[in-house]
Amino acid sequence: MGKTQHPGPQKKAKLPAPKYWVSPIPFGLGKIKPQHIRDTMKIAWDNKDNIGYATRIITKGVCDGCALGVSGLYDQTLDGPHVCTTRLNVLRLNTMPAIKPEILHADIDELRKYDSTELRKLGRIPYPMIRRKGERKFSRITWDDAMDLIADKMKKLDPKQYSFYLTARGITNESYYVAAKVARFLGTNHIDNASRICHAPSKTALKRSIGVGASTSNYLDWIGTDVLLFWGSVASNSSPVSSKYMLEAKKKGTKIIVVNPYREPAMDQYWIPSNPESALFGTKIADDFYQVNIGGDIAFMHGIMKHWFDMEEKAYGSAINHEFVAEHVNGYEELKKKLQNQSWEEIIESSGVSKGRIIELAELLANSKNAVYAWALGLTMHSFATDNISQVANLALLRGHLGRKHAGLMPFRGHSSVQGSGEMGADPFVLPGGGWDENNVERIEKLWGFDLPKWQGDIVGVTLENIVLPKDHERKVKLYYLSGGNFLETMPDPDFIEQALSELEIRVHQDIILNTSTLVDAKEAVIVLPAKTRYEQEGGGTSTSTERMVYFSPEITGNKNMIEEARAEWKIYLDIAKRVKPETAHLVYFADGQAIREEIAKANPDYDGIQHLKKQGDVFQWGGAWLCEDGICPTPDSRGTLIPVDIPDLNKKPEQFIVTSRRGKQFNSMVYKEVDPLNGAGRYDVLMNPVDGQKLSIAEGEGIVVYNGFGVFQGTAKFVDIAQGNLEVHFPEGNFLLPRGRYEKFAGIPDYNITVNVEKAERYNARKDTQYLEKPIADLETEVG
Ligand code: SF4
C-alpha cells in the first residue's frame with residue numbers, strides 16, 4: 001500500500017470566533033504587543049532602493065526566514081496569503097547594496113566598534129578580501145588568489161586539521177550536498193552544521209525511538225487534533241505564521257497546551273497579521289500553561305506516564321493504547337517498572353509542578369484520541385536533550401499518537417533549510433541517505449566514485465576546542481572553513497571562542513555579511529568570500545521545511561544592488577576541490593543545480609523526487625504525509641521503542657537558580673530590536689518570579705548580578721510569570737555564563753542552561769573585591785598542597 005500523500009492547502013474557516021479574541025478593542029490598543037503594520041511600513045521603506053526585486057523575492061522565492069516553509073505567498077496548509085515580519089526583516093539581506101569601501105577597508109578596530117546588528121546593516125560583502133597577520137585592514141584579493149591560498153594550505157595539512165561548518169542562512173540543499181561531498185573528497189569528516197546548536201538531539205532521539213529523525217506529521221495535523229502540545233517552544237514568535245494554523249485548530253476544537261517555565265506572552269495571546277480577525281482583535285492561543293522547571297521536563301513526563309500506569313491498575317485500557325503497543329512498540333514492561341518505582345516526591349521536586357496538575361494533563365491526553373507533540377529548543381539545548389525527547393516519543397508511543405492524521409511528533413525547527421543540512425550529509429555522523437554503517441558507506445562510495453575517510457569526524461564544539469590542542473597533535477585544527485555562522489555569538493564561553501578563532505592559521509568566512517567573528521585575527525590570514533543568496537544561485541535551489549516539504553526556489557533576477565563578484569556557494573566548494581586535487585576533481589564536478597538534484601535523488605532515496613523540481617511552486621514532501629504511517633516504523637523490526645531514562649540531577653542548591661536563554665525581537669543571533677515588543681524586556685533584563693525577587697529583597701527594575709564559576713551577567717530584574725527558581729536572559733548575551741565542553745551525550749549539542757546565584761548588584765559589587773582576593777589565596781593553597 002502506498003504512503004498517504006499530503007492533500008495540499010485547505011480552506012480556512014469563514015466565520016470569526018470572538019471567543020478567542022484577546023480584546024474587542026481593535027489592534028490591542030494599550031497592550032504590550034508587536035506593531036506589525038508599523039514594522040511592515042518600516043521594512044518597505046528600508047527596501048525602497050530595490051523594491052521591485054524585494055517584491056519578486058516575496059512573491060516568487062521560498063522564504064529564507066524560518067523553517068515553516070512557504071513558496072511565494074502561499075503555503076501547503078491553508079489558503080490565503082502567508083507572510084510575516086520575520087521574513088520581511090531578513091529580506092534586506094537579499095536586497096541591500098555592498099558595504100561602502102571606506103568603511104570596509106577602515107582600520108580593524110574601527111570595524112570592531114560595530115556590533116553584529118550594525119555590521120549587518122553596513123551592507124553585503126562585495127568581493128573576496130584578506131587580512132593577513134599584523135595587517136590592520138582588509139584588502140581586496142582576486143578569487144583566484146583567495147582560492148589558491150586556501151587550497152595551498154589544505155594541501156599542506158592533514159585533512160583532520162581542517163573543518164567545515166555551514167550555518168542555516170538560506171543555504172540550499174544543493175550547497176549542503178556539495179559541501180558534504182567535497183569535504184569527504186578532500187579527506188575530512190569534520191563537517192557540521194547549525195542544527196548541532198539547536199535540533200541535533202531531536203534527530204538522534206527520534207532515530208532511536210522510532211527509527212527516523214524528522215517530523216512525523218504536518219501542520220495540517222494540528223487543525224482538528226484533540227490536543228496540540230508545545231514543549232519549550234514559542235512557535236508564534238519563532239514561526240509567526242504558525243499562529244494562523246493555531247487559530248484554525250482552535251476553531252476546530254483543538255486544545256493548545258504549552259509546557260514552558262515562562263508564560264510566554266506570544267503563546268498566551270497574539271495578533272496574527274495575515275488574519276484580519278486576529279490582526280484586529282488578537283487571538284488567545286494557549287488553553288493552558290504548565291510552568292515546568294528548566295530541566296524538569298523528564299520528571300514532568302514521568303509524572304504523566306506514571307499516572308497512566310496508575311490508571312491502568314484501576315481500569316485496563318483507560319490510558320494506554322494496548323492494541324498499538326502490542327503491535328508496534330517494544331520496551332513496555334521495562335518502562336512501566338521504571339516509572340512505577342519512581343517517587344512522586346522526586347517528580348514534583350524536579351518538575352516544579354504539583355501532582356494534581358500533572359494528573360490533569362495526563363488525563364486530558366489519556367482521553368484524547370489524537371495529539372500532536374511539538375517541541376523546540378527548550379527541550380533540545382540540554383545535556384540530557386536526547387533523553388528529554390525520548391520521553392516525548394514515549395508519550396506518543398504509549399497512546400498510539402503516531403503515524404496518522406492529527407497525531408505525531410514534531411521537532412519545530414528554527415531556520416529555513418536547516419532540516420536539509422543533515423539529510424544532505426553535512427554532519428559528522430551521517431552521509432546522505434543514512435549513517436556510517438558498512439552498507440551505506442559502500443553505497444555512497446560506489447555512487448561518488450572515491451573512498452570515504454574512515455575516521456569519525458568531530459562535532460563543531462569539539463573542532464573549536466581542537467584548535468587549541470598542542471602544536472603537533474594530529475587533530476589540531478588549523479584551518480576553519482565557515483559558510484556563515486557567528487561562533488562568537490552562538491557558542492558558550494565567548495572568551496574561549498575568541499581565543500580559539502584567533503589561534504587558527506587560516507579562517508575562511510564564506511558569507512553575505514560581516515559579523516563579529518569575521519573581525520577576529522588569525523595567525524596567518526582571515527579570508528572573506530562573498531556568497532550569493534539563495535535567490536541569486538544560478539538555476540535556483542531547494543530547501544526542506546520542518547514538515548519535510550522540499551521547496552524549489554527559482555533564481556530571481558533583476559537585483560539592482562547585485563554583488564557582481566558573489567558566487568553560488570556550491571560552486572565555491574567545487575573550486576576548492578579542483579585546486580586541492582585537480583587530477584580527480586571531475587569526481588565531484590556538477591554542471592548545474594539540476595545535476596546536483598539528480599544525484600541527491602540517488603544518494604538519499606527519501607529525496608527521490610527532488611530531481612523533478614524545476615520551477616516556482618514545485619514542491620514535494622519526502623516520506624509522505626506521515627512517517628511511521630499506521631505505526632510501522634523504519635526500524636529493523638518495524639516497531640518503535642520505549643526508552644526508560646533517569647531524572648537528571650541538575651546539581652542545584654536550594655538557594656540557586658537555573659538560568660536559560662530566550663530570544664527577544666531577533667532571528668537566531670540577529671537582533672532586530674533592543675526591546676522585545678512581546679513583553680517589553682530589554683536585552684539585559686533578567687526575567688524572574690516576583691516571589692524570588694522578594695526573597696532576595698530585589699525590586700523590579702533594580703540592578704542585579706547573575707553569576708557562577710564561569711561568568712557574570714549584570715542585568716536588571718524584570719518580574720514576570722515564570723516558575724520560581726528559574727531565570728531567563730537573552731541569547732546570546734547570557735552565553736558568558738556558560739562554560740565550554742558541556743555537550744549532550746548522544747547528539748553533542750552544547751548545554752545552554754546552568755545553575756547560577758543571584759544578588760543585588762550593590763551587594764555583589766561591595767563584596768566582589770573580597771571574593772576576588774580570596775580566590776588567588778585558595779589557588780595558592782592548592783598549589784602548595
Ligand atoms: S512564518 Fe516562517 S516561513 Fe512563514 S513567512 Fe514567516 S519566516 Fe517565512
# chains A, B, ... in the order shown; residues from 1 in each chain; ligands from 1
>>> select_by_dssp(residues="stretch 640-776 of chain A", states="strand (DSSP E)", output="PyMOL selection string")
chain A and resi 640-641+657-662+666-667+670-671+685-688+703-707+712-719+726-730+754-760
>>> residues_around(residues="A:Leu488", least_positions_apart="3", cutoff="8 Å", atoms="only C-alpha atoms", output="JSON, numbers by chain")
{"A": [491, 494, 497, 498, 516, 517]}
>>> select_by_dssp(residues="stretch 150-346 of chain A", states="alpha helix (DSSP H)", output="JSON, numbers by chain")
{"A": [150, 151, 152, 153, 154, 155, 156, 173, 174, 175, 176, 177, 178, 179, 180, 181, 182, 183, 184, 185, 186, 200, 201, 202, 203, 204, 205, 206, 207, 208, 209, 210, 235, 236, 237, 238, 242, 243, 244, 245, 246, 247, 248, 249, 250, 251, 265, 266, 267, 268, 276, 277, 278, 279, 280, 281, 297, 298, 299, 300, 301, 302, 303, 304, 305, 306, 307, 308, 309, 310, 311, 312, 313, 314, 322, 323, 324, 325, 326, 327, 328, 332, 333, 334, 335, 336, 337, 338, 339, 340, 344, 345, 346]}
>>> write_last_selection(atoms="C-alpha atoms", output="PDB file, in the first residue's frame")
ATOM      1  CA  ILE A 150      43.053  28.186   0.838  1.00  0.00           C
ATOM      2  CA  ALA A 151      43.882  25.238  -1.397  1.00  0.00           C
ATOM      3  CA  ASP A 152      47.645  25.524  -0.804  1.00  0.00           C
ATOM      4  CA  LYS A 153      47.082  25.475   2.917  1.00  0.00           C
ATOM      5  CA  MET A 154      44.747  22.481   2.693  1.00  0.00           C
ATOM      6  CA  LYS A 155      47.343  20.605   0.647  1.00  0.00           C
ATOM      7  CA  LYS A 156      49.875  21.099   3.435  1.00  0.00           C
ATOM      8  CA  ASN A 173      20.152  21.593  -0.152  1.00  0.00           C
ATOM      9  CA  GLU A 174      22.379  21.751  -3.240  1.00  0.00           C
ATOM     10  CA  SER A 175      25.072  23.667  -1.325  1.00  0.00           C
ATOM     11  CA  TYR A 176      24.857  21.386   1.726  1.00  0.00           C
ATOM     12  CA  TYR A 177      25.161  18.346  -0.508  1.00  0.00           C
ATOM     13  CA  VAL A 178      28.148  19.623  -2.456  1.00  0.00           C
ATOM     14  CA  ALA A 179      29.885  20.754   0.764  1.00  0.00           C
ATOM     15  CA  ALA A 180      29.307  17.310   2.312  1.00  0.00           C
ATOM     16  CA  LYS A 181      30.681  15.565  -0.756  1.00  0.00           C
ATOM     17  CA  VAL A 182      33.660  17.875  -1.249  1.00  0.00           C
ATOM     18  CA  ALA A 183      34.675  17.620   2.432  1.00  0.00           C
ATOM     19  CA  ARG A 184      34.827  13.815   2.144  1.00  0.00           C
ATOM     20  CA  PHE A 185      36.555  14.083  -1.246  1.00  0.00           C
ATOM     21  CA  LEU A 186      39.239  16.227   0.371  1.00  0.00           C
ATOM     22  CA  ALA A 200      20.561  17.567  16.696  1.00  0.00           C
ATOM     23  CA  PRO A 201      19.081  15.734  19.732  1.00  0.00           C
ATOM     24  CA  SER A 202      15.640  15.671  18.078  1.00  0.00           C
ATOM     25  CA  LYS A 203      17.085  13.693  15.221  1.00  0.00           C
ATOM     26  CA  THR A 204      19.104  11.393  17.490  1.00  0.00           C
ATOM     27  CA  ALA A 205      16.202  10.763  19.865  1.00  0.00           C
ATOM     28  CA  LEU A 206      13.621  10.130  17.171  1.00  0.00           C
ATOM     29  CA  LYS A 207      16.014   7.831  15.372  1.00  0.00           C
ATOM     30  CA  ARG A 208      16.443   5.666  18.460  1.00  0.00           C
ATOM     31  CA  SER A 209      12.734   5.781  19.403  1.00  0.00           C
ATOM     32  CA  ILE A 210      11.028   5.410  16.025  1.00  0.00           C
ATOM     33  CA  ALA A 235       6.242  28.857  17.817  1.00  0.00           C
ATOM     34  CA  SER A 236       4.147  32.010  17.413  1.00  0.00           C
ATOM     35  CA  ASN A 237       7.301  34.109  17.764  1.00  0.00           C
ATOM     36  CA  SER A 238       9.844  31.883  16.002  1.00  0.00           C
ATOM     37  CA  SER A 242       2.176  29.043  12.729  1.00  0.00           C
ATOM     38  CA  SER A 243      -0.169  31.118  14.898  1.00  0.00           C
ATOM     39  CA  LYS A 244      -2.568  31.233  11.934  1.00  0.00           C
ATOM     40  CA  TYR A 245      -2.681  27.433  11.988  1.00  0.00           C
ATOM     41  CA  MET A 246      -3.164  27.515  15.766  1.00  0.00           C
ATOM     42  CA  LEU A 247      -6.201  29.781  15.433  1.00  0.00           C
ATOM     43  CA  GLU A 248      -7.635  27.481  12.799  1.00  0.00           C
ATOM     44  CA  ALA A 249      -7.000  24.498  15.087  1.00  0.00           C
ATOM     45  CA  LYS A 250      -8.821  26.217  17.925  1.00  0.00           C
ATOM     46  CA  LYS A 251     -11.789  26.863  15.675  1.00  0.00           C
ATOM     47  CA  PRO A 265       3.258  36.204  26.117  1.00  0.00           C
ATOM     48  CA  ALA A 266       3.294  35.205  22.437  1.00  0.00           C
ATOM     49  CA  MET A 267       1.860  31.780  23.257  1.00  0.00           C
ATOM     50  CA  ASP A 268      -0.717  33.361  25.512  1.00  0.00           C
ATOM     51  CA  PRO A 276      -7.763  40.154   9.578  1.00  0.00           C
ATOM     52  CA  GLU A 277      -9.823  38.905  12.526  1.00  0.00           C
ATOM     53  CA  SER A 278      -6.738  38.242  14.627  1.00  0.00           C
ATOM     54  CA  ALA A 279      -4.857  41.332  13.429  1.00  0.00           C
ATOM     55  CA  LEU A 280      -7.740  43.425  14.761  1.00  0.00           C
ATOM     56  CA  PHE A 281      -8.755  41.667  17.942  1.00  0.00           C
ATOM     57  CA  ASP A 297      10.677  18.048  31.657  1.00  0.00           C
ATOM     58  CA  ILE A 298      11.730  14.428  32.105  1.00  0.00           C
ATOM     59  CA  ALA A 299      10.223  14.360  35.588  1.00  0.00           C
ATOM     60  CA  PHE A 300       7.073  16.035  34.281  1.00  0.00           C
ATOM     61  CA  MET A 301       6.679  13.414  31.542  1.00  0.00           C
ATOM     62  CA  HIS A 302       7.457  10.653  34.024  1.00  0.00           C
ATOM     63  CA  GLY A 303       4.592  12.006  36.122  1.00  0.00           C
ATOM     64  CA  ILE A 304       2.211  11.815  33.162  1.00  0.00           C
ATOM     65  CA  MET A 305       3.224   8.258  32.330  1.00  0.00           C
ATOM     66  CA  LYS A 306       3.262   7.168  35.984  1.00  0.00           C
ATOM     67  CA  HIS A 307      -0.323   8.315  36.294  1.00  0.00           C
ATOM     68  CA  TRP A 308      -1.226   6.433  33.128  1.00  0.00           C
ATOM     69  CA  PHE A 309       0.152   3.242  34.664  1.00  0.00           C
ATOM     70  CA  ASP A 310      -1.826   4.001  37.846  1.00  0.00           C
ATOM     71  CA  MET A 311      -4.975   4.439  35.754  1.00  0.00           C
ATOM     72  CA  GLU A 312      -4.276   1.098  34.096  1.00  0.00           C
ATOM     73  CA  GLU A 313      -4.140  -0.622  37.500  1.00  0.00           C
ATOM     74  CA  LYS A 314      -7.679   0.536  38.092  1.00  0.00           C
ATOM     75  CA  HIS A 322      -2.700  -1.530  24.202  1.00  0.00           C
ATOM     76  CA  GLU A 323      -3.549  -2.523  20.672  1.00  0.00           C
ATOM     77  CA  PHE A 324      -0.988  -0.062  19.289  1.00  0.00           C
ATOM     78  CA  VAL A 325       1.632  -1.023  21.887  1.00  0.00           C
ATOM     79  CA  ALA A 326       1.186  -4.747  21.262  1.00  0.00           C
ATOM     80  CA  GLU A 327       1.532  -4.350  17.512  1.00  0.00           C
ATOM     81  CA  HIS A 328       4.099  -1.586  17.220  1.00  0.00           C
ATOM     82  CA  TYR A 332       6.625  -1.641  27.612  1.00  0.00           C
ATOM     83  CA  GLU A 333       7.368  -3.678  30.751  1.00  0.00           C
ATOM     84  CA  GLU A 334      10.775  -2.051  31.362  1.00  0.00           C
ATOM     85  CA  LEU A 335       9.305   1.430  31.137  1.00  0.00           C
ATOM     86  CA  LYS A 336       6.350   0.539  33.341  1.00  0.00           C
ATOM     87  CA  LYS A 337       8.655  -0.894  36.011  1.00  0.00           C
ATOM     88  CA  LYS A 338      10.893   2.139  35.892  1.00  0.00           C
ATOM     89  CA  LEU A 339       8.014   4.577  36.348  1.00  0.00           C
ATOM     90  CA  GLN A 340       6.212   2.585  38.977  1.00  0.00           C
ATOM     91  CA  TRP A 344       6.029  11.343  43.139  1.00  0.00           C
ATOM     92  CA  GLU A 345       8.214  13.404  45.510  1.00  0.00           C
ATOM     93  CA  GLU A 346      11.084  13.256  43.047  1.00  0.00           C
TER      94      GLU A 346
END
>>> residues_near_ligand(ligand="ligand 1", cutoff="6 Å", atoms="only C-alpha atoms and all ligand atoms", output="ChimeraX atom specification")
/A:63,65-70,82-84,86-87,239-241
>>> write_last_selection(atoms="C-alpha atoms", output="mmCIF file, in the first residue's frame")
data_model
loop_
_atom_site.group_PDB
_atom_site.id
_atom_site.type_symbol
_atom_site.label_atom_id
_atom_site.label_comp_id
_atom_site.auth_asym_id
_atom_site.auth_seq_id
_atom_site.Cartn_x
_atom_site.Cartn_y
_atom_site.Cartn_z
ATOM 1 C CA CYS A 63 11.143 32.106 2.393
ATOM 2 C CA GLY A 65 13.331 33.030 7.307
ATOM 3 C CA CYS A 66 12.117 30.199 9.496
ATOM 4 C CA ALA A 67 11.688 26.508 8.724
ATOM 5 C CA LEU A 68 7.890 26.624 8.492
ATOM 6 C CA GLY A 69 8.383 26.974 4.755
ATOM 7 C CA VAL A 70 6.468 28.872 2.126
ATOM 8 C CA HIS A 82 1.344 33.761 4.101
ATOM 9 C CA VAL A 83 3.890 36.381 5.122
ATOM 10 C CA CYS A 84 5.318 37.663 8.400
ATOM 11 C CA THR A 86 10.430 37.705 10.338
ATOM 12 C CA ARG A 87 10.537 37.150 6.598
ATOM 13 C CA SER A 239 7.492 30.985 13.113
ATOM 14 C CA PRO A 240 4.792 33.665 13.249
ATOM 15 C CA VAL A 241 2.502 32.186 10.602
#
>>> closest_residue(among="A:Ala319, A:Met381, A:Ile223, A:Val526", to="A:Pro492", atoms="only C-alpha atoms")
A:Met381
>>> closest_residue(among="A:Asp287, A:Asp618, A:Asp493, A:Asp458", to="A:Gly709", atoms="only C-alpha atoms")
A:Asp493
>>> closest_residue(among="A:Glu524, A:Asp148, A:Glu474, A:Asp46", to="A:Gly134", atoms="only C-alpha atoms")
A:Glu524
>>> atom_distance(atom1="atom CA of A:Thr641", atom2="atom CA of A:Leu397")
8.0 Å
>>> residues_around(residues="stretch 10-12 of chain A", least_positions_apart="4", cutoff="9 Å", atoms="only C-alpha atoms", output="list in words")
Gln76, Thr77, Leu78, Asp79, Gly80, Leu220 and Glu248 of chain A
>>> atom_distance(atom1="atom CA of A:Asp39", atom2="atom CA of A:Thr117")
16.8 Å
>>> atom_distance(atom1="atom CA of A:Ile698", atom2="atom CA of A:Val686")
11.8 Å
>>> residues_around(residues="A:Ile389", least_positions_apart="2", cutoff="7 Å", atoms="only C-alpha atoms", output="PyMOL selection string")
chain A and resi 202+205+379+385-387+391-393
>>> residues_around(residues="stretch 752-758 of chain A", least_positions_apart="6", cutoff="9 Å", atoms="only C-alpha atoms", output="count of residues only")
30
>>> residues_around(residues="A:Val619", least_positions_apart="3", cutoff="12 Å", atoms="only C-alpha atoms", output="ChimeraX atom specification")
/A:6,8,62,69-72,74-76,541-545,547-554,607,609-616,622
>>> closest_residue(among="A:Ile647, A:Asn765, A:Met96, A:Asp521", to="A:Ser343", atoms="only C-alpha atoms")
A:Ile647
